[in-house]
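Heads up, model-v5.cif below (mmCIF, C-alpha atoms):
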```cif
data_data
#
loop_
_atom_site.label_atom_id
_atom_site.label_comp_id
_atom_site.auth_asym_id
_atom_site.auth_seq_id
_atom_site.Cartn_x
_atom_site.Cartn_y
_atom_site.Cartn_z
CA MET G 99 89.49 98.00 142.22
CA LEU G 100 92.99 96.84 143.12
CA ALA G 101 92.79 93.98 140.63
CA ALA G 102 92.49 96.40 137.71
CA VAL G 103 95.72 98.25 138.55
CA PRO G 104 98.58 96.92 136.42
CA ASP G 105 101.20 95.32 138.60
CA ALA G 106 104.72 95.87 137.23
CA ARG G 107 106.17 92.65 138.62
CA HIS G 108 103.23 90.62 137.38
CA PHE G 109 103.52 92.27 133.96
CA THR G 110 107.22 91.33 133.69
CA GLU G 111 106.39 87.76 134.68
CA GLU G 112 103.68 87.64 132.04
CA LEU G 113 106.09 88.94 129.39
CA ASN G 114 108.63 86.28 130.30
CA LEU G 115 105.95 83.62 130.16
CA LEU G 116 104.95 84.91 126.71
CA LYS G 117 108.53 84.56 125.49
CA ASP G 118 108.72 81.04 126.97
CA ARG G 119 105.56 80.00 125.15
CA LEU G 120 106.87 81.40 121.85
CA ILE G 121 110.18 79.58 122.25
CA HIS G 122 108.26 76.40 123.05
CA MET G 123 106.15 76.89 119.93
CA GLY G 124 109.31 77.59 117.90
CA GLY G 125 110.91 74.36 119.10
CA LEU G 126 107.85 72.39 118.02
CA ALA G 127 107.75 74.09 114.62
CA GLN G 128 111.44 73.33 114.11
CA ALA G 129 110.88 69.69 115.09
CA ARG G 130 108.12 69.40 112.50
CA VAL G 131 110.40 70.73 109.76
CA ALA G 132 113.06 68.19 110.82
CA ASP G 133 110.43 65.42 110.79
CA GLY G 134 109.34 66.44 107.30
CA LEU G 135 112.88 66.28 105.97
CA ASN G 136 113.63 62.98 107.70
CA ALA G 137 110.42 61.42 106.45
CA LEU G 138 111.40 62.38 102.91
CA VAL G 139 115.03 61.25 103.18
CA ASP G 140 114.09 57.96 104.92
CA ALA G 141 111.06 57.39 102.66
CA ASP G 142 109.11 56.76 105.86
CA LYS G 143 105.38 56.70 105.06
CA HIS G 144 104.41 56.27 108.69
CA LYS G 145 106.29 59.43 109.69
CA VAL G 146 104.73 61.30 106.75
CA GLN G 147 101.23 60.40 107.87
CA LYS G 148 101.98 61.33 111.48
CA LEU G 149 103.12 64.75 110.31
CA ILE G 150 99.99 65.35 108.23
CA ASN G 151 97.74 64.50 111.18
CA GLY G 152 99.62 66.41 113.87
CA ASP G 153 99.20 70.13 113.18
CA ASP G 154 96.79 70.78 116.05
CA VAL G 155 99.35 71.52 118.76
CA LEU G 156 100.85 74.47 116.85
CA ASN G 157 97.41 75.83 115.93
CA LYS G 158 96.34 75.79 119.57
CA LEU G 159 99.59 77.42 120.68
CA GLN G 160 99.03 80.24 118.20
CA LEU G 161 95.56 80.93 119.61
CA GLU G 162 96.90 80.76 123.17
CA ILE G 163 99.80 83.13 122.46
CA ASP G 164 97.58 85.62 120.64
CA ASP G 165 95.13 85.54 123.52
CA ARG G 166 97.97 86.27 125.96
CA CYS G 167 99.07 89.21 123.81
CA PHE G 168 95.59 90.72 123.59
CA LYS G 169 95.21 90.50 127.38
CA LEU G 170 98.62 92.09 127.91
CA LEU G 171 97.71 94.94 125.54
CA ALA G 172 94.25 95.48 127.02
CA LEU G 173 95.14 95.25 130.73
CA ASN G 174 98.46 97.13 130.68
CA GLN G 175 99.53 100.12 128.70
CA PRO G 176 102.75 98.82 127.21
CA VAL G 177 104.98 101.27 125.35
CA ALA G 178 108.38 101.16 123.63
CA THR G 179 110.16 97.79 123.82
CA ASP G 180 107.31 96.01 125.62
CA LEU G 181 104.74 97.14 123.07
CA ARG G 182 107.01 96.09 120.21
CA LEU G 183 107.61 92.72 121.87
CA ILE G 184 103.90 91.99 122.36
CA VAL G 185 102.83 93.00 118.86
CA SER G 186 105.80 91.11 117.39
CA ALA G 187 104.80 88.03 119.40
CA ILE G 188 101.48 87.96 117.51
CA LYS G 189 103.37 88.13 114.21
CA ILE G 190 105.93 85.51 115.27
CA SER G 191 103.23 83.06 116.38
CA ALA G 192 101.64 83.47 112.94
CA ASP G 193 105.02 82.79 111.28
CA LEU G 194 105.57 79.67 113.38
CA GLU G 195 102.09 78.40 112.67
CA ARG G 196 102.76 78.82 108.94
CA VAL G 197 106.06 76.94 109.34
CA GLY G 198 104.02 74.07 110.79
CA ASP G 199 101.64 74.26 107.80
CA LEU G 200 104.63 74.14 105.45
CA ALA G 201 105.94 71.01 107.20
CA VAL G 202 102.52 69.49 106.43
CA ASN G 203 102.81 70.72 102.82
CA ILE G 204 106.20 68.97 102.56
CA ALA G 205 104.63 65.75 103.88
CA GLU G 206 101.71 66.09 101.45
CA ALA G 207 104.14 66.34 98.51
CA THR G 208 106.17 63.44 99.92
CA VAL G 209 103.14 61.10 99.74
CA PRO G 210 102.97 61.04 95.90
CA TYR G 211 106.79 61.34 95.65
CA LEU G 212 107.28 58.06 97.50
CA GLY G 213 105.07 56.33 94.95
CA TYR G 214 107.61 56.99 92.17
CA GLN G 215 111.18 55.94 91.47
CA PRO G 216 113.33 58.24 93.63
CA VAL G 217 115.17 61.12 91.95
CA LYS G 218 118.95 60.88 92.31
CA ALA G 219 119.79 61.42 96.02
CA LEU G 220 117.24 64.25 96.35
CA ILE G 221 119.93 66.61 95.01
CA ASP G 222 120.31 69.62 97.33
CA LEU G 223 116.97 69.41 99.12
CA PRO G 224 118.45 68.06 102.39
CA ARG G 225 120.95 70.93 102.30
CA MET G 226 118.08 73.40 101.81
CA GLY G 227 116.32 71.78 104.75
CA GLU G 228 119.41 72.17 106.94
CA ILE G 229 119.74 75.86 106.10
CA ALA G 230 116.02 76.50 106.71
CA GLN G 231 116.16 74.74 110.09
CA GLN G 232 119.33 76.58 111.05
CA MET G 233 117.72 79.90 110.12
CA LEU G 234 114.73 79.11 112.28
CA ALA G 235 116.93 78.08 115.23
CA SER G 236 119.06 81.24 114.91
CA ALA G 237 116.00 83.50 114.65
CA LEU G 238 114.51 81.98 117.81
CA THR G 239 117.79 82.23 119.72
CA ALA G 240 118.10 85.85 118.61
CA PHE G 241 114.56 86.45 119.86
CA LEU G 242 115.23 84.80 123.23
CA THR G 243 118.50 86.69 123.78
CA ASN G 244 117.47 90.03 122.20
CA ASN G 245 120.42 89.67 119.88
CA ALA G 246 120.03 91.84 116.77
CA GLU G 247 123.42 90.75 115.39
CA ALA G 248 122.38 87.07 115.44
CA ALA G 249 119.16 88.09 113.73
CA LYS G 250 121.13 89.71 110.92
CA SER G 251 122.95 86.42 110.19
CA VAL G 252 119.51 84.93 109.41
CA LEU G 253 118.98 87.52 106.68
CA ALA G 254 122.29 86.53 105.05
CA ALA G 255 121.38 82.83 105.15
CA ASP G 256 118.11 83.59 103.34
CA ASP G 257 120.05 84.71 100.27
CA ARG G 258 121.94 81.38 100.25
CA LEU G 259 118.68 79.46 100.54
CA ASP G 260 117.17 81.36 97.59
CA ALA G 261 120.25 80.67 95.44
CA LEU G 262 120.05 76.98 96.31
CA LYS G 263 116.35 76.93 95.39
CA ASP G 264 117.17 78.28 91.91
CA GLN G 265 119.94 75.70 91.50
CA VAL G 266 117.65 72.85 92.60
CA PHE G 267 115.04 74.05 90.10
CA ARG G 268 117.50 74.07 87.17
CA GLU G 269 118.84 70.65 88.09
CA LEU G 270 115.38 69.06 88.40
CA LEU G 271 114.24 70.61 85.12
CA THR G 272 117.27 69.05 83.41
CA TYR G 273 116.32 65.61 84.78
CA MET G 274 112.73 66.06 83.63
CA LEU G 275 113.76 67.02 80.11
CA GLY G 276 116.18 64.08 79.92
CA ASN G 277 113.96 61.34 81.29
CA ALA G 278 110.15 61.39 81.29
CA GLU G 279 110.04 59.01 84.26
CA THR G 280 111.45 61.72 86.51
CA ILE G 281 108.75 64.29 85.60
CA ALA G 282 106.15 63.43 88.22
CA PRO G 283 108.55 62.91 91.15
CA ALA G 284 110.68 65.94 90.20
CA VAL G 285 107.61 68.21 90.22
CA GLU G 286 106.94 67.17 93.80
CA LEU G 287 110.56 67.94 94.72
CA ILE G 288 110.27 71.38 93.11
CA LEU G 289 107.20 72.04 95.27
CA ILE G 290 109.07 70.82 98.38
CA SER G 291 111.98 73.16 97.55
CA ARG G 292 109.48 76.06 97.46
CA HIS G 293 108.07 75.05 100.84
CA LEU G 294 111.60 75.06 102.29
CA GLU G 295 112.25 78.47 100.76
CA ARG G 296 109.14 79.78 102.46
CA ILE G 297 110.21 78.34 105.82
CA GLY G 298 113.34 80.44 105.35
CA ASP G 299 111.12 83.46 104.61
CA HIS G 300 109.28 82.99 107.89
CA ALA G 301 112.59 82.69 109.79
CA THR G 302 113.59 85.94 108.07
CA ASN G 303 110.35 87.60 109.23
CA ILE G 304 111.12 86.55 112.81
CA ALA G 305 114.68 87.88 112.52
CA GLU G 306 113.34 91.21 111.22
CA ASP G 307 110.96 91.34 114.19
CA VAL G 308 113.89 90.79 116.57
CA ILE G 309 115.74 93.72 115.01
CA PHE G 310 112.56 95.78 115.32
CA ILE G 311 112.06 94.83 119.00
CA THR G 312 115.68 95.45 120.02
CA GLU G 313 116.63 98.38 117.79
CA ALA G 314 113.19 100.00 117.22
CA ARG G 315 114.13 99.98 113.56
CA ASP G 316 111.97 98.51 110.84
CA VAL G 317 114.36 96.75 108.44
CA ARG G 318 111.72 95.11 106.29
CA HIS G 319 112.06 96.00 102.62
CA SER G 320 115.41 97.69 103.20
CA ARG G 321 117.33 94.66 101.89
CA ARG G 322 114.77 92.79 99.87
CA LYS G 323 114.23 93.82 96.32
CA MET D 269 100.19 118.07 129.44
CA LEU D 270 97.00 118.45 127.42
CA ALA D 271 98.67 116.98 124.35
CA ALA D 272 99.21 113.65 126.09
CA VAL D 273 95.53 113.16 127.00
CA PRO D 274 93.85 110.90 124.44
CA ASP D 275 91.14 112.76 122.60
CA ALA D 276 88.22 110.47 121.77
CA ARG D 277 87.22 112.34 118.62
CA HIS D 278 90.77 112.45 117.36
CA PHE D 279 91.14 108.73 118.10
CA THR D 280 88.02 107.89 116.06
CA GLU D 281 89.32 110.01 113.20
CA GLU D 282 92.66 108.22 113.35
CA LEU D 283 90.94 104.82 113.30
CA ASN D 284 88.93 105.82 110.24
CA LEU D 285 92.08 107.07 108.55
CA LEU D 286 93.76 103.73 109.34
CA LYS D 287 90.89 101.87 107.68
CA ASP D 288 91.09 104.18 104.66
CA ARG D 289 94.80 103.52 104.24
CA LEU D 290 94.28 99.76 104.50
CA ILE D 291 91.52 99.86 101.88
CA HIS D 292 93.79 101.95 99.67
CA MET D 293 96.58 99.40 100.11
CA GLY D 294 94.11 96.59 99.41
CA GLY D 295 93.03 98.22 96.16
CA LEU D 296 96.64 98.51 95.02
CA ALA D 297 97.38 94.89 95.94
CA GLN D 298 94.30 93.76 94.02
CA ALA D 299 95.35 95.82 90.99
CA ARG D 300 98.75 94.13 91.02
CA VAL D 301 97.18 90.68 91.01
CA ALA D 302 94.99 91.75 88.08
CA ASP D 303 98.07 93.12 86.28
CA GLY D 304 99.91 89.84 86.85
CA LEU D 305 97.08 87.82 85.37
CA ASN D 306 96.63 90.18 82.42
CA ALA D 307 100.34 90.22 81.66
CA LEU D 308 100.31 86.41 81.54
CA VAL D 309 97.13 86.14 79.45
CA ASP D 310 98.22 88.90 77.04
CA ALA D 311 101.86 87.66 76.97
CA ASP D 312 102.82 91.29 77.62
CA LYS D 313 106.53 91.42 78.51
CA HIS D 314 106.42 95.15 79.17
CA LYS D 315 103.63 94.75 81.73
CA VAL D 316 105.53 91.86 83.34
CA GLN D 317 108.63 93.98 83.81
CA LYS D 318 106.62 96.89 85.19
CA LEU D 319 105.12 94.57 87.78
CA ILE D 320 108.51 93.20 88.86
CA ASN D 321 109.90 96.71 89.35
CA GLY D 322 106.90 98.24 91.11
CA ASP D 323 106.65 96.66 94.57
CA ASP D 324 107.82 99.70 96.49
CA VAL D 325 104.48 101.42 96.98
CA LEU D 326 102.98 98.47 98.85
CA ASN D 327 106.11 98.04 100.97
CA LYS D 328 106.01 101.68 102.01
CA LEU D 329 102.29 101.50 102.75
CA GLN D 330 102.89 98.53 105.03
CA LEU D 331 105.50 100.45 107.02
CA GLU D 332 103.22 103.51 107.19
CA ILE D 333 100.20 101.49 108.38
CA ASP D 334 102.22 99.61 111.00
CA ASP D 335 103.62 102.89 112.25
CA ARG D 336 100.10 104.31 112.58
CA CYS D 337 99.05 101.21 114.52
CA PHE D 338 101.97 101.41 116.93
CA LYS D 339 101.24 105.07 117.63
CA LEU D 340 97.54 104.33 118.18
CA LEU D 341 98.43 101.53 120.62
CA ALA D 342 101.05 103.57 122.47
CA LEU D 343 99.15 106.87 122.74
CA ASN D 344 95.68 105.55 123.47
CA GLN D 345 94.59 102.59 125.53
CA PRO D 346 92.37 100.82 123.04
CA VAL D 347 90.31 97.89 124.26
CA ALA D 348 87.72 95.51 122.79
CA THR D 349 86.80 96.21 119.14
CA ASP D 350 89.29 99.07 118.73
CA LEU D 351 92.18 96.97 120.03
CA ARG D 352 91.21 94.07 117.77
CA LEU D 353 90.93 96.43 114.80
CA ILE D 354 94.38 97.96 115.34
CA VAL D 355 96.20 94.66 115.88
CA SER D 356 94.34 93.14 112.93
CA ALA D 357 95.38 96.10 110.78
CA ILE D 358 99.03 95.13 111.33
CA LYS D 359 98.25 91.58 110.23
CA ILE D 360 96.17 92.70 107.25
CA SER D 361 98.90 95.06 106.01
CA ALA D 362 101.32 92.10 106.17
CA ASP D 363 98.87 89.97 104.17
CA LEU D 364 98.44 92.67 101.54
CA GLU D 365 102.19 93.18 101.26
CA ARG D 366 102.59 89.43 100.69
CA VAL D 367 99.86 89.57 98.02
CA GLY D 368 101.99 92.20 96.27
CA ASP D 369 105.03 89.92 96.54
CA LEU D 370 103.02 87.07 95.05
CA ALA D 371 102.02 89.26 92.11
CA VAL D 372 105.76 89.78 91.57
CA ASN D 373 106.30 86.00 91.87
CA ILE D 374 103.64 85.47 89.18
CA ALA D 375 105.45 87.96 86.94
CA GLU D 376 108.81 86.28 87.63
CA ALA D 377 107.41 82.91 86.53
CA THR D 378 105.78 84.57 83.51
CA VAL D 379 109.18 85.76 82.21
CA PRO D 380 110.51 82.24 81.42
CA TYR D 381 106.99 81.03 80.49
CA LEU D 382 106.75 83.58 77.68
CA GLY D 383 109.97 82.19 76.19
CA TYR D 384 108.30 78.83 75.47
CA GLN D 385 105.47 77.64 73.26
CA PRO D 386 102.29 78.49 75.21
CA VAL D 387 100.43 75.67 76.96
CA LYS D 388 96.90 75.19 75.66
CA ALA D 389 94.86 78.27 76.68
CA LEU D 390 96.44 78.40 80.15
CA ILE D 391 93.82 75.87 81.27
CA ASP D 392 92.05 77.08 84.42
CA LEU D 393 94.65 79.60 85.60
CA PRO D 394 92.61 82.68 84.58
CA ARG D 395 89.64 81.19 86.48
CA MET D 396 91.86 80.73 89.55
CA GLY D 397 92.99 84.34 89.17
CA GLU D 398 89.38 85.55 89.04
CA ILE D 399 88.47 83.65 92.20
CA ALA D 400 91.55 84.91 94.06
CA GLN D 401 90.81 88.51 93.06
CA GLN D 402 87.16 88.15 94.01
CA MET D 403 88.16 86.73 97.40
CA LEU D 404 90.47 89.66 98.00
CA ALA D 405 87.77 92.18 96.99
CA SER D 406 85.16 90.50 99.22
CA ALA D 407 87.53 90.34 102.19
CA LEU D 408 88.30 94.06 101.88
CA THR D 409 84.63 94.99 101.52
CA ALA D 410 83.84 92.85 104.57
CA PHE D 411 86.58 94.70 106.45
CA LEU D 412 85.30 98.13 105.39
CA THR D 413 81.69 97.34 106.28
CA ASN D 414 82.36 95.16 109.38
CA ASN D 415 80.42 92.42 107.68
CA ALA D 416 81.21 89.01 109.16
CA GLU D 417 78.76 87.25 106.85
CA ALA D 418 80.55 88.56 103.76
CA ALA D 419 83.83 87.42 105.32
CA LYS D 420 82.47 83.89 105.65
CA SER D 421 81.80 83.73 101.89
CA VAL D 422 85.55 84.23 101.38
CA LEU D 423 86.26 81.09 103.40
CA ALA D 424 83.94 79.06 101.16
CA ALA D 425 85.61 80.41 98.00
CA ASP D 426 89.00 79.28 99.32
CA ASP D 427 87.88 75.64 99.16
CA ARG D 428 86.91 76.12 95.49
CA LEU D 429 90.29 77.70 94.75
CA ASP D 430 92.13 74.78 96.36
CA ALA D 431 90.10 72.25 94.36
CA LEU D 432 90.87 74.15 91.16
CA LYS D 433 94.59 74.18 92.03
CA ASP D 434 94.58 70.36 92.33
CA GLN D 435 92.74 70.06 89.02
CA VAL D 436 95.20 72.41 87.27
CA PHE D 437 98.09 70.37 88.67
CA ARG D 438 96.71 67.05 87.36
CA GLU D 439 95.98 68.56 83.95
CA LEU D 440 99.44 70.10 83.58
CA LEU D 441 101.14 66.89 84.68
CA THR D 442 99.22 65.03 81.97
CA TYR D 443 100.48 67.49 79.34
CA MET D 444 104.05 67.13 80.60
CA LEU D 445 103.96 63.34 80.47
CA GLY D 446 102.45 63.41 76.98
CA ASN D 447 104.72 65.99 75.37
CA ALA D 448 108.23 66.88 76.57
CA GLU D 449 107.97 70.34 74.98
CA THR D 450 105.36 71.32 77.55
CA ILE D 451 107.53 70.38 80.57
CA ALA D 452 109.35 73.67 81.10
CA PRO D 453 106.36 76.00 80.50
CA ALA D 454 103.98 73.76 82.47
CA VAL D 455 106.26 73.84 85.52
CA GLU D 456 106.03 77.64 85.48
CA LEU D 457 102.24 77.43 85.29
CA ILE D 458 102.19 75.03 88.26
CA LEU D 459 104.21 77.57 90.24
CA ILE D 460 101.82 80.37 89.17
CA SER D 461 98.86 78.26 90.30
CA ARG D 462 100.52 77.95 93.72
CA HIS D 463 101.02 81.71 93.91
CA LEU D 464 97.33 82.23 93.14
CA GLU D 465 96.39 79.69 95.80
CA ARG D 466 98.44 81.65 98.32
CA ILE D 467 96.76 84.92 97.34
CA GLY D 468 93.52 83.16 98.24
CA ASP D 469 95.08 82.14 101.57
CA HIS D 470 95.90 85.77 102.36
CA ALA D 471 92.34 86.84 101.47
CA THR D 472 91.18 84.09 103.85
CA ASN D 473 93.43 85.46 106.60
CA ILE D 474 91.88 88.90 106.13
CA ALA D 475 88.37 87.43 106.23
CA GLU D 476 89.22 85.61 109.46
CA ASP D 477 90.50 88.88 110.91
CA VAL D 478 87.19 90.58 110.00
CA ILE D 479 85.27 87.86 111.86
CA PHE D 480 87.63 88.31 114.80
CA ILE D 481 87.19 92.11 114.82
CA THR D 482 83.40 92.05 114.52
CA GLU D 483 82.51 88.92 116.51
CA ALA D 484 85.49 88.73 118.93
CA ARG D 485 85.73 85.11 117.88
CA ASP D 486 88.89 83.49 116.60
CA VAL D 487 87.81 81.20 113.75
CA ARG D 488 91.29 80.28 112.59
CA HIS D 489 91.89 76.53 112.58
CA SER D 490 88.21 75.82 113.24
CA ARG D 491 87.55 74.98 109.61
CA ARG D 492 90.99 74.25 108.23
CA LYS D 493 92.35 70.75 108.65
#
```
Show me the file's structure as structure tokens.
Amino acid sequence: MLAAVPDARHFTEELNLLKDRLIHMGGLAQARVADGLNALVDADKHKVQKLINGDDVLNKLQLEIDDRCFKLLALNQPVATDLRLIVSAIKISADLERVGDLAVNIAEATVPYLGYQPVKALIDLPRMGEIAQQMLASALTAFLTNNAEAAKSVLAADDRLDALKDQVFRELLTYMLGNAETIAPAVELILISRHLERIGDHATNIAEDVIFITEARDVRHSRRK
Amino acid sequence: MLAAVPDARHFTEELNLLKDRLIHMGGLAQARVADGLNALVDADKHKVQKLINGDDVLNKLQLEIDDRCFKLLALNQPVATDLRLIVSAIKISADLERVGDLAVNIAEATVPYLGYQPVKALIDLPRMGEIAQQMLASALTAFLTNNAEAAKSVLAADDRLDALKDQVFRELLTYMLGNAETIAPAVELILISRHLERIGDHATNIAEDVIFITEARDVRHSRRK
């Protein structure tokens, strides 16, 4: 029955491996957001199609990470920080998988967009994309380094991203009202701005999980309206 | 040390209580979606404002349910179905909380919408709302009764909701191109249709969790592209 006894060293190794896999998944999710933005900015139809077809890797990673978490929960009796880390890992893998879906959503809105006359320099969408990517990178670094302070900076960036989304919306609506030819492409850009906003929301979820793991404090809903 | 020994009867009671609280939360989330739709259809500004201000109950329920789950995981050593139920409960409470947020998002888009001339009979938005609510109700019933077959019907409804969303989009775009006065209100309706689509996505997540709990089979990504 030795095999059934939890081995502390093995458990720590498994936890580290879990974190590695999440960081790996996070890097891939981030790369897909960058690809989505670049495909839009460069009007690169080939890149758009590649993005739409390539969501499998993240989906498989989510299943693998969740499976690891369930085994860790079932075979060990984690408490305190370890328990919070493992349960949060399941939530973070779901957030990263959704980020991958949103990159696909951006690509799917880019397909019709590229069929129209482009809207003036994409206004602030690239800036929104930069903030969303930066939020994701900071949230993952905070997770890897157990840094609650870094996680809090993500929450502040989310407010900037939301403000930018409202500004982008007003600007695009003005174009649409002024020139009917911009209606169809501008609607796609509005949808893309919402996808970017949601990527920021997922980065915020991850940051809140990091604060929960490190400080045992649930900060969700304490700052959001 | 008697207090630290897990008591099987107490554990079962706690699991049942957890399910009760989730079903309670689900009912409230569903009611908020219904309120959002009714406020839009009835052009009821008072109801809209009430919805925007009333998200606290769901937020608190999410924190309460997650806290219950963490205690159940830490104090007992759940395996198999019980472990899957408890971890799924954390995910389901997150889905229901997001449904509540989306009801607020619907209300927030209804505020500017009501300031414009209404778009012809809201096209198929009320139908989308009905499907989303029905999906949510079916997913919760499937959860309460451990009914994987009922959960599968939710997945089929999600495809109908997506098709309807595309149809609504095309129809609204046609209005916008034909009459500039419909641009601003139609954009709000497009956003509302996306919120309804996402409510369907959360109901789908819950249905997938029910299949996972009852059949120990992870069906995520097996049907979605």
* Would you write out, as a list in words, every residue that the PyMOL selection byres ((chain D) within 7 of (chain G)) captures in this file? =>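 When the PyMOL selection byres ((chain D) within 7 of (chain G)) is applied, the selected residues are Asn327, Ala342, Gln345, Pro346, Val347, Leu445, Ala448 and His489 of chain D.
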* Rounded to one decimal place, report the atom CA of His470 of chain D-atom CA of Val367 of chain D distance in Å. =>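 Atom-to-atom, atom CA of His470 of chain D and atom CA of Val367 of chain D are spaced 7.0 Å apart.
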Step by step, work through what the PyMOL selection byres ((chain G and resi 208-215) around 8) selects in the shown file, and finish by giving those residues as a compact mmCIF listing (two decimals) with C-alpha atoms, in the frame of the given file.
```txt
# COMPACT_ATOMS: atom_id res chain seq x y z
CA LEU G 138 111.40 62.38 102.91
CA ALA G 141 111.06 57.39 102.66
CA LYS G 143 105.38 56.70 105.06
CA VAL G 146 104.73 61.30 106.75
CA ILE G 204 106.20 68.97 102.56
CA ALA G 205 104.63 65.75 103.88
CA GLU G 206 101.71 66.09 101.45
CA ALA G 207 104.14 66.34 98.51
CA PRO G 216 113.33 58.24 93.63
CA VAL G 217 115.17 61.12 91.95
CA GLU G 279 110.04 59.01 84.26
CA THR G 280 111.45 61.72 86.51
CA ALA G 282 106.15 63.43 88.22
CA PRO G 283 108.55 62.91 91.15
CA GLU G 286 106.94 67.17 93.80
CA LEU G 287 110.56 67.94 94.72
```
* Apply the PyMOL selection byres ((chain G and resi 257) around 12) to the displayed file and report the matching residues as a PyMOL selection string. => chain G and resi 226+229-230+233+250-256+258-264+295+298-299+302+321-323
Step by step, gather every atom of segment 309-324 of chain D that the file lists, find the box along x, y and z that holds them, add 3 Å on each side, and finally give centre and edge lengths in Å to one decimal, as JSON.
```
{"center_x": 103.5, "center_y": 92.9, "center_z": 86.7, "size_x": 18.8, "size_y": 19.6, "size_z": 25.5}
```
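With all atoms listed in the file as the basis for measurement, D:Leu290 is the residue among D:Leu290, D:Val301, D:Leu464, D:Leu404 that approaches Ile333 of chain D most closely.
Note that the spacing between atom CA of Met293 of chain D and atom CA of Gly368 of chain D amounts to 9.8 Å.
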